[in-house]
Protein chains: 2
Amino acid sequence: MKIALDAMGGDKAPAAVVQGGIDAARELGVSVVLVGREEDIKPCLDSSNDGKLPISVVSAPQVIAMDEQPTIALRTKSQSSIVKGLMLVKLGEADAFVSAGSTGAVGVGAYSILGCIQGVKRPAIALLYSTLTGRALFLDAGANADCRPQMLLQFAQMGSLYMQRLFGIANPRVGLLNIGEEETKGNRLIRETHRLLKDAGLNFIGNVEGKDVYRGVADVVVTDGFTGNVALKLSEGLSEAIFLSIRRALASSVATSAVSPSLLQGVLTSLIGSWDYSGLGGAYLLGIKGNVIIAHGRSDALAIKNAIGFAKQTVEQGALQALLSGAASKQ
Amino acid sequence: MKIALDAMGGDKAPAAVVQGGIDAARELGVSVVLVGREEDIKPCLDSSNDGKLPISVVSAPQVIAMDEQPTIALRTKSQSSIVKGLMLVKLGEADAFVSAGSTGAVGVGAYSILGCIQGVKRPAIALLYSTLTGRALFLDAGANADCRPQMLLQFAQMGSLYMQRLFGIANPRVGLLNIGEEETKGNRLIRETHRLLKDAGLNFIGNVEGKDVYRGVADVVVTDGFTGNVALKLSEGLSEAIFLSIRRALASSVATSAVSPSLLQGVLTSLIGSWDYSGLGGAYLLGIKGNVIIAHGRSDALAIKNAIGFAKQTVEQGALQALLSGAASKQ
């Protein structure tokens with residue numbers, strides 16, 4: 001299996017990204033194609049790669065920055081790592097593309113270069129996240145700021161199929177993110193979506209509230225891309241704030257105490273890992289005719305390795321084939 | 001100063017609510033009017049009140065349950081604690097009404113019994129919350145699932161005035177909750193609101209993202225009631241999940257370690273207090289012609305006491321008068 005990796009994408013690129021690619025090639029049994037500026041990649045590669053790992057480099061001299069307007073950047077930078085990485089997938093030269101670069105550019109690029117699965121109106125960013133009881137899929141985490149009910153219905157259908165394939169859940173529980181349990185609750189978009197979901201033949205468990213998201217009551221949580229992106233970034237900010245205040249409180253307690261906090265620091269570090277992005281690998285661009293994984297912009301080598309592992313799992317489980325035939329069966 | 005307290009409202013009513021009222025009357029220098037079923041209130045009162053505290057009871061034989069449809073409940077239960085408590089404010093017999101009962105019933109009741117400040121389209125639930133650097137106001141936390149840009153503009157104006165009065169902040173920083181920093185980001189509602197806020201004469205700092213909410217970058221964070229309520233409940237659920245997993249990890253570490261975790265438990269308990277609702281007192285129903293404070297449904301005695309303290313502060317600082325004259329000056 002061959003995974004294309006955007007070596008130029010993310011805050012810690014190229015060094016940490018290349019390192020993540022090397023670790024994946026060494027540990028996960030995949031070939032990694034590093035896409036990016038050769039002069040930047042080579043020094044990172046030479047220092048850690050023993051030359052025997054299944055790693056190759058595809059030259060992409062241009063870089064799309066995080067803050068560039070996606071449509072313009074994609075049009076003017078056809079030799080960028082994002083465009084060239086997506087092209088590898090389109091041409092069948094890679095099974096998946098992993099990028100920690102601009103989410104907007106990867107999303108718009110995937111939409112225009114690979115296209116949507118037949119019948120799918122818009123792709124969604126489907127984020128796998130930790131709950132108190134396991135894992136769940138949250139979508140749309142930010143691809144579509146303005147959604148229509150029919151789009152949310154498709155997100156639910158695709159998310160359900162994806163979780164079936166990825167984790168073998170026979171009948172994934174689908175919840176609609178809302179502000180109350182009753183079906184009369186919510187804004188117009190969500191009330192109308194609720195009506196569609198009731199008749200969709202899915203295992204629709206009804207509305208889930210913000211407080212339920214981390215309890216693991218649903219396998220698939222559906223929302224629009226605006227609410228979803230706010231929720232995602234809020235979770236990130238809140239967990240950081242809580243862990244930061246715990247560290248501060250620990251530091252000041254330790255100063256006046258004989259108890260060593262090493263035990264607790266260890267506990268905290270492992271918990272932070274399980275609650276933040278690095279342990280989960282990323283988000284899948286669901287609805288695109290190709291496997292595209294968006295890793296967090298702040299990904300370190302471990303997060304990149306996990307994103308590649310996530311890509312591998314997605315490919316191995318045949319998630320895309322299931323989605324393609326699911327779409328075909330509805331034609 | 002006289003604060004009317006809904007003795008029947010909340011999961012722990014009446015015992016914990018009455019206790020919170022007693023504590024407030026003893027410690028905060030306010031008179032507390034307990035509104036509710038006398039036969040339920042009296043036993044709670046007798047056991048802890050020494051008879052010298054400024055506490056009185058107003059009989060309200062009916063109770064509106066948390067899950068009742070607000071409009072119907074308000075119409076059929078004119079002798080409920082919520083209706084009678086709001087009437088005390090309307091008649092000038094109380095300076096504020098505090099309730100941990102049904103948010104919907106209190107909101108709809110306040111709107112119909114007290115009405116909105118002249119020119120205000122809709123009231124917002126304005127939640128005071130902890131940030132890493134202090135306190136900020138978050139609104140609308142759930143009163144209006146479907147908002148228009150003009151409503152969000154008014155929320156920003158009222159929130160700004162409120163924070164000026166409550167904390168003496170000369171020029172509160174107003175942020176618009178969005179999914180990116182650029183003004184072209186967001187859904188239609190938020191993009192249009194951004195345009196209005198730029199010309200509103202407020203200290204508008206632009207968009208704030210979910211990750212900024214807890215960093216204290218703004219004094220007032222404006223959003224629609226759907227996104228706001230999802231964000232509020234998500235924060236509650238996530239912080240509970242994090243603290244629960246820390247406790248679990250601690251418990252299992254302690255079982256295999258000689259280190260006593262009492263220090264850490266103490267740190268955790270105080271942190272949980274600062275991050276959850278009980279320390280902050282509640283939410284103000286901003287835009288209503290009267291002081292109405294919504295406390296959390298799970299409020300214990302401490303949370304109720306703090307909600308009364310928050311009501312006292314709001315009354316003392318003349319927040320409502322400022323809002324009323326702010327509205328008048330725009331006529």
# chains A, B, ... in the order shown; residues from 1 in each chain; ligands from 1
call {"tool": "interface_residues", "arguments": {"of": "chain A", "to": "chain B", "cutoff": "7 Å", "atoms": "only C-alpha atoms", "output": "list in words"}}
result
Leu132, Ala145, Asp146, Asn178, Ile179, Gly186, Asn187, Glu209, Gly210, Lys211, Asp212, Val213, Tyr214, Phe226, Thr227, Asn229, Val230, Ala231, Lys233, Leu234, Ser235, Glu236, Gly237, Leu238, Ala241, Ala249 and Val267 of chain A
call {"tool": "select_by_dssp", "arguments": {"residues": "range 28-118 of chain B", "states": "strand (DSSP E)", "output": "PyMOL selection string"}}
result
chain B and resi 31-36+55-59+96-99
call {"tool": "residues_around", "arguments": {"residues": "Leu324 in chain A", "least_positions_apart": "3", "cutoff": "10 Å", "atoms": "only C-alpha atoms", "output": "count of residues only"}}
result
16
call {"tool": "residues_around", "arguments": {"residues": "range 8-22 of chain A", "least_positions_apart": "5", "cutoff": "8 Å", "atoms": "only C-alpha atoms", "output": "PyMOL selection string"}}
result
chain A and resi 32+34-37+40-41+44-45+48-49+53+55+63+66+81+99-102+296-305+308
call {"tool": "residues_around", "arguments": {"residues": "Asn203 in chain B", "least_positions_apart": "5", "cutoff": "12 Å", "atoms": "only C-alpha atoms", "output": "PDB file with N, CA and C atoms, in the first residue's frame"}}
result
ATOM      1  N   ALA B 156     -24.710  42.064  20.853  1.00  0.00           N
ATOM      2  CA  ALA B 156     -23.383  42.647  21.039  1.00  0.00           C
ATOM      3  C   ALA B 156     -23.474  43.975  21.779  1.00  0.00           C
ATOM      4  N   GLN B 157     -24.450  44.797  21.378  1.00  0.00           N
ATOM      5  CA  GLN B 157     -24.608  46.112  22.021  1.00  0.00           C
ATOM      6  C   GLN B 157     -24.987  45.949  23.486  1.00  0.00           C
ATOM      7  N   GLY B 159     -24.601  43.255  25.403  1.00  0.00           N
ATOM      8  CA  GLY B 159     -23.533  42.576  26.126  1.00  0.00           C
ATOM      9  C   GLY B 159     -22.418  43.537  26.498  1.00  0.00           C
ATOM     10  N   SER B 160     -22.121  44.429  25.589  1.00  0.00           N
ATOM     11  CA  SER B 160     -21.070  45.413  25.827  1.00  0.00           C
ATOM     12  C   SER B 160     -21.447  46.341  26.984  1.00  0.00           C
ATOM     13  N   LEU B 161     -22.679  46.853  26.943  1.00  0.00           N
ATOM     14  CA  LEU B 161     -23.172  47.711  28.022  1.00  0.00           C
ATOM     15  C   LEU B 161     -23.175  46.974  29.363  1.00  0.00           C
ATOM     16  N   GLN B 164     -19.697  46.592  30.729  1.00  0.00           N
ATOM     17  CA  GLN B 164     -19.264  47.910  31.214  1.00  0.00           C
ATOM     18  C   GLN B 164     -19.753  48.128  32.635  1.00  0.00           C
ATOM     19  N   ILE B 169     -15.556  47.724  32.842  1.00  0.00           N
ATOM     20  CA  ILE B 169     -14.677  47.695  31.664  1.00  0.00           C
ATOM     21  C   ILE B 169     -15.112  48.830  30.740  1.00  0.00           C
ATOM     22  N   ALA B 170     -14.203  49.786  30.497  1.00  0.00           N
ATOM     23  CA  ALA B 170     -14.608  50.990  29.774  1.00  0.00           C
ATOM     24  C   ALA B 170     -15.093  50.669  28.360  1.00  0.00           C
ATOM     25  N   ASN B 171     -14.389  49.812  27.696  1.00  0.00           N
ATOM     26  CA  ASN B 171     -14.673  49.577  26.285  1.00  0.00           C
ATOM     27  C   ASN B 171     -14.561  48.079  25.980  1.00  0.00           C
ATOM     28  N   PRO B 172     -15.552  47.297  26.389  1.00  0.00           N
ATOM     29  CA  PRO B 172     -15.439  45.832  26.293  1.00  0.00           C
ATOM     30  C   PRO B 172     -15.127  45.370  24.866  1.00  0.00           C
ATOM     31  N   ARG B 173     -14.192  44.423  24.779  1.00  0.00           N
ATOM     32  CA  ARG B 173     -13.835  43.835  23.482  1.00  0.00           C
ATOM     33  C   ARG B 173     -14.939  42.856  23.070  1.00  0.00           C
ATOM     34  N   VAL B 174     -15.523  43.100  21.912  1.00  0.00           N
ATOM     35  CA  VAL B 174     -16.607  42.249  21.417  1.00  0.00           C
ATOM     36  C   VAL B 174     -16.070  41.364  20.296  1.00  0.00           C
ATOM     37  N   GLY B 175     -16.234  40.056  20.434  1.00  0.00           N
ATOM     38  CA  GLY B 175     -15.815  39.120  19.391  1.00  0.00           C
ATOM     39  C   GLY B 175     -17.012  38.369  18.838  1.00  0.00           C
ATOM     40  N   LEU B 176     -16.939  38.035  17.558  1.00  0.00           N
ATOM     41  CA  LEU B 176     -18.010  37.268  16.916  1.00  0.00           C
ATOM     42  C   LEU B 176     -17.524  35.831  16.747  1.00  0.00           C
ATOM     43  N   LEU B 197     -21.458  44.587  12.614  1.00  0.00           N
ATOM     44  CA  LEU B 197     -20.670  44.882  13.813  1.00  0.00           C
ATOM     45  C   LEU B 197     -19.521  45.856  13.513  1.00  0.00           C
ATOM     46  N   LYS B 198     -19.009  45.786  12.294  1.00  0.00           N
ATOM     47  CA  LYS B 198     -17.905  46.694  11.942  1.00  0.00           C
ATOM     48  C   LYS B 198     -18.305  48.160  12.034  1.00  0.00           C
ATOM     49  N   ALA B 218     -11.682  38.076  24.326  1.00  0.00           N
ATOM     50  CA  ALA B 218     -12.792  39.026  24.215  1.00  0.00           C
ATOM     51  C   ALA B 218     -13.535  39.099  25.546  1.00  0.00           C
ATOM     52  N   ASP B 219     -14.171  40.243  25.808  1.00  0.00           N
ATOM     53  CA  ASP B 219     -15.014  40.364  27.003  1.00  0.00           C
ATOM     54  C   ASP B 219     -16.439  39.908  26.715  1.00  0.00           C
ATOM     55  N   VAL B 220     -16.821  40.010  25.453  1.00  0.00           N
ATOM     56  CA  VAL B 220     -18.166  39.613  25.037  1.00  0.00           C
ATOM     57  C   VAL B 220     -18.025  38.750  23.784  1.00  0.00           C
ATOM     58  N   VAL B 221     -18.544  37.529  23.829  1.00  0.00           N
ATOM     59  CA  VAL B 221     -18.517  36.639  22.669  1.00  0.00           C
ATOM     60  C   VAL B 221     -19.947  36.466  22.172  1.00  0.00           C
TER      61      VAL B 221
END
call {"tool": "select_by_dssp", "arguments": {"residues": "range 144-307 of chain B", "states": "helix (DSSP H, G or I)", "output": "PyMOL selection string"}}
result
chain B and resi 149-167+188-198+210-212+225-255+262-275+277-279+301-307
call {"tool": "residues_around", "arguments": {"residues": "Pro54 in chain B", "least_positions_apart": "3", "cutoff": "9 Å", "atoms": "only C-alpha atoms", "output": "short mmCIF file (atom, residue, chain, number, x, y, z; two decimals) with N, CA, C and O atoms, in the first residue's frame"}}
result
data_model
loop_
_atom_site.label_atom_id
_atom_site.label_comp_id
_atom_site.auth_asym_id
_atom_site.auth_seq_id
_atom_site.Cartn_x
_atom_site.Cartn_y
_atom_site.Cartn_z
N ILE B 22 -30.97 30.68 52.13
CA ILE B 22 -30.62 30.98 53.54
C ILE B 22 -29.18 31.49 53.62
O ILE B 22 -28.88 32.50 54.26
N ALA B 25 -28.98 35.00 52.32
CA ALA B 25 -29.56 35.97 53.26
C ALA B 25 -28.60 36.21 54.43
O ALA B 25 -28.48 37.32 54.94
N ARG B 26 -27.90 35.16 54.84
CA ARG B 26 -26.98 35.28 55.97
C ARG B 26 -25.70 36.02 55.57
O ARG B 26 -25.20 36.85 56.32
N GLY B 29 -26.10 39.98 52.59
CA GLY B 29 -26.79 41.24 52.87
C GLY B 29 -27.96 41.51 51.94
O GLY B 29 -28.20 42.65 51.55
N VAL B 30 -28.67 40.46 51.56
CA VAL B 30 -29.88 40.66 50.76
C VAL B 30 -31.07 39.99 51.45
O VAL B 30 -30.89 39.08 52.25
N SER B 31 -32.28 40.50 51.14
CA SER B 31 -33.49 39.80 51.57
C SER B 31 -33.85 38.79 50.49
O SER B 31 -33.75 39.10 49.30
N VAL B 32 -34.26 37.61 50.93
CA VAL B 32 -34.62 36.57 49.96
C VAL B 32 -36.10 36.22 50.11
O VAL B 32 -36.58 35.96 51.21
N VAL B 33 -36.80 36.27 48.98
CA VAL B 33 -38.20 35.87 48.97
C VAL B 33 -38.30 34.50 48.31
O VAL B 33 -38.05 34.36 47.11
N GLY B 51 -34.54 32.16 62.21
CA GLY B 51 -35.69 33.05 62.38
C GLY B 51 -35.34 34.52 62.32
O GLY B 51 -36.22 35.37 62.25
#
call {"tool": "atom_distance", "arguments": {"atom1": "CA of Thr71 in chain A", "atom2": "CA of Val108 in chain A"}}
result
7.0 Å
